[in-house]
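Enquirer: Below is a structure I'd like to ask you about.
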Amino acid sequence: MRFFAVLILSLMLLCGCGSKEDLTGDVTVISPDDVSLEAGNSEDGSYTVAFDMEGGSGKAYVVSPAQLEINEGKYTVRLEWSSSNYDYMIFDGVKYLPVNTEGPSVFEIPLDTLDEPLTMIADTTAMSKPHEVEYVFVFDSESIMPAGEYRSEENKEEDLPANEDIKAFSGAPHEAPCDGLKLINEMERKYAECFRVFYYEGGYKEFCIVDGRRMLLVPEGAEVPEDIDESVIVLKAPLNDIYLVSTAAMDYFDAIDEVERLRFASLKEGEWGSDKANAAMQTGALLYAGKYSAPDYELLMNKGCRFVIENTMILHSPQVLEKLESLGFAAMVDHSSYEEHPLGRTEWVRFYGALFDKEEEADKAFGYQLKESEELDISDGKSVLIFYFTSSGLVSVKNDSEYLAKMVSLCGGEYGFRKSGKATGTTETLSQEAFFDIASDTDILIYNTTIAGDNINEDELVRQFPLFNDLKAVKDGRFYLMTADSYKHPMAAGDMMREMCSVFKDDTAGLTYFRKYER
């Protein structure tokens, strides 16, 4: 999709986008009150939609996500520019006027399609004379969600629950799911706070997750207790034919050598961070069953799926989880991304180890990363920021509550951006000016390539951020890229911290998850 947007933009630039007469032609002027478009079966309400944007000089941008209003079967998209210098926009031969008189220019424009390149013209008065500029927008239909629920695609994370809620869950008194089970002990955890595992006589195990979900694993050949609480999900061992949606959770299956238990997957061949998973998809042992927001229900039912493991992106599409459960699928949501400590994410391997009777293997895998983290060659307090440029010209910065930022502190660095009082998640979006004020004197900058991809160059960075070469870290050669699939490897937390310590000391030998930016 992005390829076609770039292709169309390139053809436009070759043809020129000079004067108003060249671009405008005969247009119909539409006032803000006239904007509307049929929206099919969409429910009325306020939504947001993310988009890619190409064109212009890169100095001005449109805030993403954009607001999307649906009223009586009609909807409009609200485009807010970073500047007040835009006096009209043209789309599909219709001229639209601003809906505001003060502040950044705002336009309300109907969309005639999604997921395809849409050419729009914006007239700017910021130059010596008014000038029309062509842009190409691609609005992502899969990003549409109710207003207030937008989550950055940066690494597919969501707003975190309050720490006190997690603490309360982690240490709360616990009652057995039925009177007939006698508790032996609870798994002792070192860092993880978002899951608990209880062991009962007879080989029964109970798994509790911070979202309130409870699952009882019944040993093979054993009976399901008759008086079990109806809210408890019953799983029968052995657990096979699993549909795995959680990308990071694949790392846990790899670590305990249980990939063969999976039968269905939400990514296609080559997209997993696991060689075993990609190989299984190539042979057909692991089948693509649709992404988290659009699973292939028919395939899952016909092929005998027994258990669904979602990630927290499913919270953006709760109707999908409800549908899965209504069809009789047992389902859980992996909440490893909610863990406050980086090694808390890693410790979720012990959750999966207990689920598949691989406690010893899981303890060994976790123990290795724990040992790595306890033997770090600590840095000397360099200031560090982790960030990336968004498609709309803004800068997404990790705040100090994010797990990578916490790794920086554990490695002896000083993370340079604290979570603001208004923030509810682990990243914040800044203007380029605000980012430069923070990052100009930062010792080390780490670019998160999860969205942009690993293949970025100086021309691209300068295009996105004209002040790139004025940053201290760039001048000093202390600008690093974090590999795009790092988030897929929670079982490498100790390894990543070891490499981070090397980065802080400017030692680039043997790096896997980071690489130095070469100019």
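Residue numbers start at 1 in each chain; chains themselves are named A, B, ... in the order of the structure tokens; ligands are numbered from 1 in the order shown.
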Counting only C-alpha atoms, what is within 8 Å of Asp251 (chain A), bar same-chain residues fewer than 4 positions away, as a list in words?
Expert: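 My reading of the contact set: Thr247, Ala255, Gly273, Ser274, Lys488, His489, Pro490 and Met491 of chain A.
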Enquirer: Could you please determine the separation between CA of Glu54 (chain A) and CA of Val106 (chain A) in Å, to one decimal place?
Expert: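 Separation of CA of Glu54 (chain A) and CA of Val106 (chain A): 18.3 Å.
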Enquirer: Tell me, as a PyMOL selection string, which residues lie within 6 Å of region 257-270 of chain A, counting only C-alpha atoms; anything in the same chain fewer than 5 positions away does not count.
Expert: chain A and resi 240-245+278+281+286-291
Enquirer: Which residue, A:Glu325, A:Asp87, A:Glu102, A:Asp52, has the smallest gap to Thr119 (chain A) when you use only C-alpha atoms?
Expert: A:Asp52
Enquirer: Looking at A:Met145, A:Leu511, A:Met407, A:Val397, which one is nearest to Met313 (chain A), with distances taken over only C-alpha atoms?
Expert: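 Result for the nearest residue to Met313 (chain A): A:Met145.
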Enquirer: Tell me which of A:Met496, A:Leu114, A:Ile446, A:Ala354 sits closest to Glu186 (chain A), counting only C-alpha atoms.
Expert: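 Ranked by minimum distance to Glu186 (chain A), first place goes to A:Ala354.
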Enquirer: I'd like the neighbourhood of Thr48 (chain A) as a PyMOL selection string, where a residue qualifies if any of its atoms comes within 6 Å (using only C-alpha atoms), though same-chain residues fewer than 6 positions away should be ignored.
Expert: chain A and resi 65-68+144-145+147
Enquirer: Which value, in Å to one decimal, gives the distance between CA of Ser502 (chain A) and CA of Asp476 (chain A)?
Expert: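 One can read the CA of Ser502 (chain A) to CA of Asp476 (chain A) distance as 16.3 Å.
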Enquirer: Excluding Ile121 (chain A) and any residue of its chain fewer than 4 positions from it, enumerate the residues within 8 Å of it, using only C-alpha atoms, and give them as a short mmCIF file (atom, residue, chain, number, x, y, z; two decimals) with all heavy atoms, in the first residue's frame.
Expert:
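This went into selection-v3.cif:
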data_model
loop_
_atom_site.label_atom_id
_atom_site.label_comp_id
_atom_site.auth_asym_id
_atom_site.auth_seq_id
_atom_site.Cartn_x
_atom_site.Cartn_y
_atom_site.Cartn_z
N LEU A 23 -2.92 23.23 -10.67
CA LEU A 23 -3.47 22.21 -9.78
C LEU A 23 -4.98 22.31 -9.59
O LEU A 23 -5.68 21.32 -9.50
CB LEU A 23 -2.80 22.30 -8.40
CG LEU A 23 -1.31 21.98 -8.37
CD1 LEU A 23 -0.77 22.21 -6.97
CD2 LEU A 23 -1.04 20.57 -8.82
N MET A 89 -8.10 23.35 1.31
CA MET A 89 -7.64 22.07 0.77
C MET A 89 -8.57 21.65 -0.35
O MET A 89 -9.76 22.02 -0.36
CB MET A 89 -7.60 20.98 1.86
CG MET A 89 -6.53 21.19 2.92
SD MET A 89 -6.45 19.81 4.09
CE MET A 89 -5.80 18.48 3.03
N ILE A 90 -8.05 20.87 -1.30
CA ILE A 90 -8.84 20.37 -2.41
C ILE A 90 -8.72 18.85 -2.45
O ILE A 90 -7.63 18.29 -2.38
CB ILE A 90 -8.36 20.95 -3.75
CG1 ILE A 90 -8.53 22.47 -3.76
CG2 ILE A 90 -9.14 20.34 -4.91
CD1 ILE A 90 -7.93 23.13 -4.98
N PHE A 91 -9.88 18.21 -2.52
CA PHE A 91 -9.89 16.75 -2.64
C PHE A 91 -11.01 16.35 -3.59
O PHE A 91 -12.16 16.79 -3.45
CB PHE A 91 -10.11 16.09 -1.28
CG PHE A 91 -10.30 14.59 -1.34
CD1 PHE A 91 -9.35 13.78 -1.94
CD2 PHE A 91 -11.44 14.00 -0.82
CE1 PHE A 91 -9.53 12.41 -2.03
CE2 PHE A 91 -11.63 12.63 -0.89
CZ PHE A 91 -10.67 11.84 -1.50
N GLU A 132 0.15 26.07 -3.75
CA GLU A 132 -0.54 24.80 -3.57
C GLU A 132 0.46 23.65 -3.61
O GLU A 132 1.34 23.61 -4.46
CB GLU A 132 -1.59 24.61 -4.67
CG GLU A 132 -2.77 25.56 -4.55
CD GLU A 132 -3.81 25.31 -5.61
OE1 GLU A 132 -3.47 24.69 -6.64
OE2 GLU A 132 -4.97 25.72 -5.42
N VAL A 133 0.29 22.73 -2.68
CA VAL A 133 1.20 21.59 -2.55
C VAL A 133 0.37 20.31 -2.56
O VAL A 133 -0.67 20.23 -1.92
CB VAL A 133 2.03 21.66 -1.25
CG1 VAL A 133 3.00 20.50 -1.16
CG2 VAL A 133 2.77 23.00 -1.17
N GLU A 134 0.85 19.33 -3.29
CA GLU A 134 0.15 18.05 -3.36
C GLU A 134 0.66 17.10 -2.27
O GLU A 134 1.86 17.02 -2.00
CB GLU A 134 0.35 17.39 -4.73
CG GLU A 134 -0.44 18.07 -5.82
CD GLU A 134 -0.28 17.36 -7.16
OE1 GLU A 134 0.71 16.64 -7.34
OE2 GLU A 134 -1.15 17.54 -8.02
N TYR A 135 -0.28 16.37 -1.68
CA TYR A 135 0.03 15.36 -0.67
C TYR A 135 -0.72 14.07 -1.03
O TYR A 135 -1.77 14.11 -1.69
CB TYR A 135 -0.41 15.81 0.73
CG TYR A 135 0.33 17.02 1.23
CD1 TYR A 135 -0.14 18.30 0.94
CD2 TYR A 135 1.49 16.88 2.00
CE1 TYR A 135 0.54 19.42 1.41
CE2 TYR A 135 2.17 18.00 2.47
CZ TYR A 135 1.69 19.26 2.17
OH TYR A 135 2.37 20.37 2.62
#
Enquirer: Determine the nearest neighbour of Ser246 (chain A) from the options A:Thr508, A:Ser141, A:Thr483, A:Asn311, counting only C-alpha atoms.
Expert: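 Selected residue with least distance to Ser246 (chain A): A:Asn311.
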Enquirer: Just the number, please: distance in Å from CA of Leu445 (chain A) to CA of Glu271 (chain A), one decimal.
Expert: 27.2 Å
Enquirer: Nearest residue to Ala405 (chain A) out of A:Asp507, A:Ser420, A:Gly393, A:Pro342, using only C-alpha atoms?
Expert: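 Under the stated criterion, the closest residue is A:Pro342.
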Enquirer: Would you mind writing down, as a ChimeraX atom specification, each residue of region 272-345 of chain A that DSSP on the backbone assigns to strand (DSSP E or B)?
Expert: /A:287-288,307-310,330-333
